[in-house]
Amino acid sequence: MEYNLNMDFSRKMPIGIQDFKDLREKDFIYVDKTQYVFKLVNEGKMYFLSRPRRFGKSLFLSTLKAYFLGQKDLFKGLYIEKAEEKRAEIEKNEAWVEYPVFYLDFNIGRYDEPHSLKNHLNLALSQFEEIYGSHKQEKEPAQRFAGIIQRAYQKTGKQAVILVDEYDKPLLQTMGVNEEYRNTLKAFYSVIKTCDQYIRFAFL
């Protein structure tokens, strides 16, 4: 392939880029959607979004993650930069607060083996428990997740943020007939309702 040396490579198209941090740090072209982020996080608490594949859901979740981790530098020059400062001024509180963020990506891995789902959950929960601790009486994934959320609040004084990508992939890969998967996920997602007082924001 021959390159035209006169071409402008200063801005690149973000083809296949799903990580907001990577996109911003490497100066890819970005259509500013942070007005929607600001609206969502300040006008609601629990959201469920069902859209087709390749619709930009993963990138949007990554943007939410960066916001709730207080990564201000990634939003320089975007709508939310000034909006967040203005919000803090009006509400007389801190801007760019860092919350405990629990990002669960079910797009990773296959779920066609009997224990695939629990193995995936165990890996994710173990990583969270390294930060926020565990309790020996918490056995099932739902119990462990609830315990993690509560301990995160106790440790940081901040409510948790839960972001779930491809929430239904385990069921789709098994054509929705795996009753064990259905029950495991139902209990796991029910934690979001049970732990409402410890949750700042949830987006599936």
# chains A, B, ... in the order shown; residues from 1 in each chain; ligands from 1

$ select_by_dssp --residues "segment 6-108 of chain A" --states "strand (DSSP E)" --output "list in words"
Met46, Tyr47, Val101, Phe102, Tyr103, Leu104 and Asp105 of chain A

$ residues_around --residues "Thr156 of chain A" --least-positions-apart "6" --cutoff "12 Å" --atoms "only C-alpha atoms" --output "tab-separated table (two decimals) with all heavy atoms, in the first residue's frame"
chain	number	residue	atom	x	y	z
A	97	VAL	N	-16.37	14.05	40.95
A	97	VAL	CA	-16.26	13.13	42.07
A	97	VAL	C	-15.92	11.73	41.56
A	97	VAL	O	-16.47	11.28	40.56
A	97	VAL	CB	-17.58	13.08	42.87
A	97	VAL	CG1	-17.52	12.04	43.98
A	97	VAL	CG2	-17.90	14.46	43.42
A	98	GLU	N	-15.02	11.06	42.23
A	98	GLU	CA	-14.68	9.68	41.88
A	98	GLU	C	-15.54	8.71	42.69
A	98	GLU	O	-15.54	8.75	43.92
A	98	GLU	CB	-13.20	9.40	42.13
A	98	GLU	CG	-12.81	7.98	41.76
A	98	GLU	CD	-11.33	7.69	41.99
A	98	GLU	OE1	-10.60	8.63	42.36
A	98	GLU	OE2	-10.93	6.53	41.80
A	99	TYR	N	-16.27	7.86	41.99
A	99	TYR	CA	-17.13	6.86	42.62
A	99	TYR	C	-16.53	5.47	42.43
A	99	TYR	O	-15.76	5.24	41.49
A	99	TYR	CB	-18.53	6.87	41.99
A	99	TYR	CG	-19.32	8.14	42.24
A	99	TYR	CD1	-19.20	9.24	41.39
A	99	TYR	CD2	-20.18	8.24	43.32
A	99	TYR	CE1	-19.92	10.40	41.61
A	99	TYR	CE2	-20.93	9.40	43.55
A	99	TYR	CZ	-20.78	10.47	42.68
A	99	TYR	OH	-21.49	11.62	42.91
A	100	PRO	N	-16.89	4.52	43.29
A	100	PRO	CA	-16.51	3.12	43.01
A	100	PRO	C	-17.33	2.61	41.82
A	100	PRO	O	-18.56	2.63	41.87
A	100	PRO	CB	-16.87	2.39	44.30
A	100	PRO	CG	-17.86	3.26	45.00
A	100	PRO	CD	-17.58	4.67	44.58
A	101	VAL	N	-16.65	2.24	40.76
A	101	VAL	CA	-17.32	1.82	39.53
A	101	VAL	C	-17.15	0.32	39.33
A	101	VAL	O	-16.03	-0.20	39.35
A	101	VAL	CB	-16.75	2.57	38.30
A	101	VAL	CG1	-17.36	2.03	37.01
A	101	VAL	CG2	-17.00	4.07	38.43
A	131	ILE	N	-10.24	-5.26	46.07
A	131	ILE	CA	-10.26	-3.84	46.44
A	131	ILE	C	-11.11	-3.61	47.68
A	131	ILE	O	-10.70	-2.88	48.60
A	131	ILE	CB	-10.81	-2.99	45.27
A	131	ILE	CG1	-9.95	-3.19	44.02
A	131	ILE	CG2	-10.86	-1.51	45.66
A	131	ILE	CD1	-10.53	-2.55	42.77
A	132	TYR	N	-12.28	-4.24	47.72
A	132	TYR	CA	-13.26	-3.92	48.77
A	132	TYR	C	-13.48	-5.03	49.80
A	132	TYR	O	-14.30	-4.89	50.69
A	132	TYR	CB	-14.60	-3.53	48.13
A	132	TYR	CG	-14.47	-2.32	47.22
A	132	TYR	CD1	-14.55	-2.44	45.85
A	132	TYR	CD2	-14.22	-1.07	47.76
A	132	TYR	CE1	-14.42	-1.33	45.02
A	132	TYR	CE2	-14.07	0.05	46.95
A	132	TYR	CZ	-14.17	-0.10	45.58
A	132	TYR	OH	-14.03	1.01	44.76
A	148	ILE	N	-20.08	-6.64	48.12
A	148	ILE	CA	-19.07	-5.74	47.54
A	148	ILE	C	-19.60	-4.31	47.46
A	148	ILE	O	-18.90	-3.35	47.82
A	148	ILE	CB	-18.66	-6.25	46.14
A	148	ILE	CG1	-17.86	-7.54	46.26
A	148	ILE	CG2	-17.85	-5.19	45.40
A	148	ILE	CD1	-17.69	-8.28	44.95
A	149	ILE	N	-20.82	-4.16	46.99
A	149	ILE	CA	-21.42	-2.83	46.85
A	149	ILE	C	-21.53	-2.14	48.20
A	149	ILE	O	-21.19	-0.96	48.34
A	149	ILE	CB	-22.81	-2.93	46.18
A	149	ILE	CG1	-22.66	-3.38	44.72
A	149	ILE	CG2	-23.55	-1.60	46.25
A	149	ILE	CD1	-23.97	-3.73	44.04
A	150	GLN	N	-21.98	-2.87	49.21
A	150	GLN	CA	-22.12	-2.29	50.55
A	150	GLN	C	-20.76	-1.91	51.13
A	150	GLN	O	-20.61	-0.84	51.73
A	150	GLN	CB	-22.85	-3.27	51.46
A	150	GLN	CG	-24.30	-3.49	51.07
A	150	GLN	CD	-25.00	-4.50	51.95
A	150	GLN	OE1	-24.85	-4.48	53.17
A	150	GLN	NE2	-25.75	-5.41	51.35
A	198	TYR	N	-27.28	2.11	48.16
A	198	TYR	CA	-25.83	2.18	48.01
A	198	TYR	C	-25.41	2.47	46.57
A	198	TYR	O	-24.22	2.45	46.27
A	198	TYR	CB	-25.18	0.86	48.45
A	198	TYR	CG	-25.53	0.45	49.85
A	198	TYR	CD1	-26.32	-0.68	50.09
A	198	TYR	CD2	-25.08	1.18	50.95
A	198	TYR	CE1	-26.65	-1.07	51.39
A	198	TYR	CE2	-25.40	0.80	52.25
A	198	TYR	CZ	-26.18	-0.32	52.45
A	198	TYR	OH	-26.51	-0.69	53.73

$ closest_residue --among "A:Leu204, A:Ala142, A:Leu163, A:Ala88" --to "Asn42 of chain A" --atoms "only C-alpha atoms"
A:Ala88

$ select_by_dssp --residues "segment 46-177 of chain A" --states "alpha helix (DSSP H)" --output "ChimeraX atom specification"
/A:57-68,79-91,116-132,141-156,169-173

$ atom_distance --atom1 "atom CA of Arg151 of chain A" --atom2 "atom CA of Arg200 of chain A"
14.3 Å

$ residues_around --residues "Leu123 of chain A" --least-positions-apart "5" --cutoff "12 Å" --atoms "only C-alpha atoms" --output "ChimeraX atom specification"
/A:104-106,108-109,116-118,128-130,141,144-145

$ residues_around --residues "segment 20-28 of chain A" --least-positions-apart "5" --cutoff "10 Å" --atoms "only C-alpha atoms" --output "NGL selection string"
:A and (10-15 or 58-66 or 71 or 73-76)

$ write_last_selection --atoms "C-alpha atoms" --output "PDB file, in the first residue's frame"
ATOM      1  CA  SER A  10      -3.320  14.464  12.773  1.00  0.00           C
ATOM      2  CA  ARG A  11      -6.901  13.249  13.348  1.00  0.00           C
ATOM      3  CA  LYS A  12      -7.924   9.634  12.909  1.00  0.00           C
ATOM      4  CA  MET A  13     -11.290   7.986  12.491  1.00  0.00           C
ATOM      5  CA  PRO A  14     -12.122   5.833  15.553  1.00  0.00           C
ATOM      6  CA  ILE A  15     -13.017   2.689  13.596  1.00  0.00           C
ATOM      7  CA  SER A  58     -19.754  -0.053  24.638  1.00  0.00           C
ATOM      8  CA  LEU A  59     -18.141   3.295  23.862  1.00  0.00           C
ATOM      9  CA  PHE A  60     -20.956   5.096  25.667  1.00  0.00           C
ATOM     10  CA  LEU A  61     -20.522   2.854  28.721  1.00  0.00           C
ATOM     11  CA  SER A  62     -16.800   3.558  28.619  1.00  0.00           C
ATOM     12  CA  THR A  63     -17.573   7.291  28.575  1.00  0.00           C
ATOM     13  CA  LEU A  64     -19.820   6.890  31.620  1.00  0.00           C
ATOM     14  CA  LYS A  65     -17.046   4.974  33.380  1.00  0.00           C
ATOM     15  CA  ALA A  66     -14.530   7.766  32.735  1.00  0.00           C
ATOM     16  CA  GLN A  71     -11.213  11.581  34.838  1.00  0.00           C
ATOM     17  CA  ASP A  73      -8.710  15.519  31.626  1.00  0.00           C
ATOM     18  CA  LEU A  74     -10.409  13.158  29.162  1.00  0.00           C
ATOM     19  CA  PHE A  75     -13.322  15.597  28.797  1.00  0.00           C
ATOM     20  CA  LYS A  76     -11.304  18.714  28.055  1.00  0.00           C
TER      21      LYS A  76
END

$ closest_residue --among "A:Ala95, A:Leu78, A:Val31, A:Ile199" --to "Ala152 of chain A" --atoms "only C-alpha atoms"
A:Ile199

$ atom_distance --atom1 "atom CA of Asp32 of chain A" --atom2 "atom CA of Tyr79 of chain A"
7.2 Å

$ closest_residue --among "A:Val41, A:Val161, A:Gln35, A:Gly147" --to "Lys82 of chain A" --atoms "only C-alpha atoms"
A:Gln35

$ atom_distance --atom1 "atom CA of Phe203 of chain A" --atom2 "atom CA of Val164 of chain A"
6.4 Å

$ closest_residue --among "A:Glu89, A:Asp168, A:Asp112, A:Glu84" --to "Lys72 of chain A" --atoms "only C-alpha atoms"
A:Glu84

$ closest_residue --among "A:Ile29, A:Ile192, A:Phe201, A:Gly70" --to "Glu43 of chain A" --atoms "only C-alpha atoms"
A:Phe201
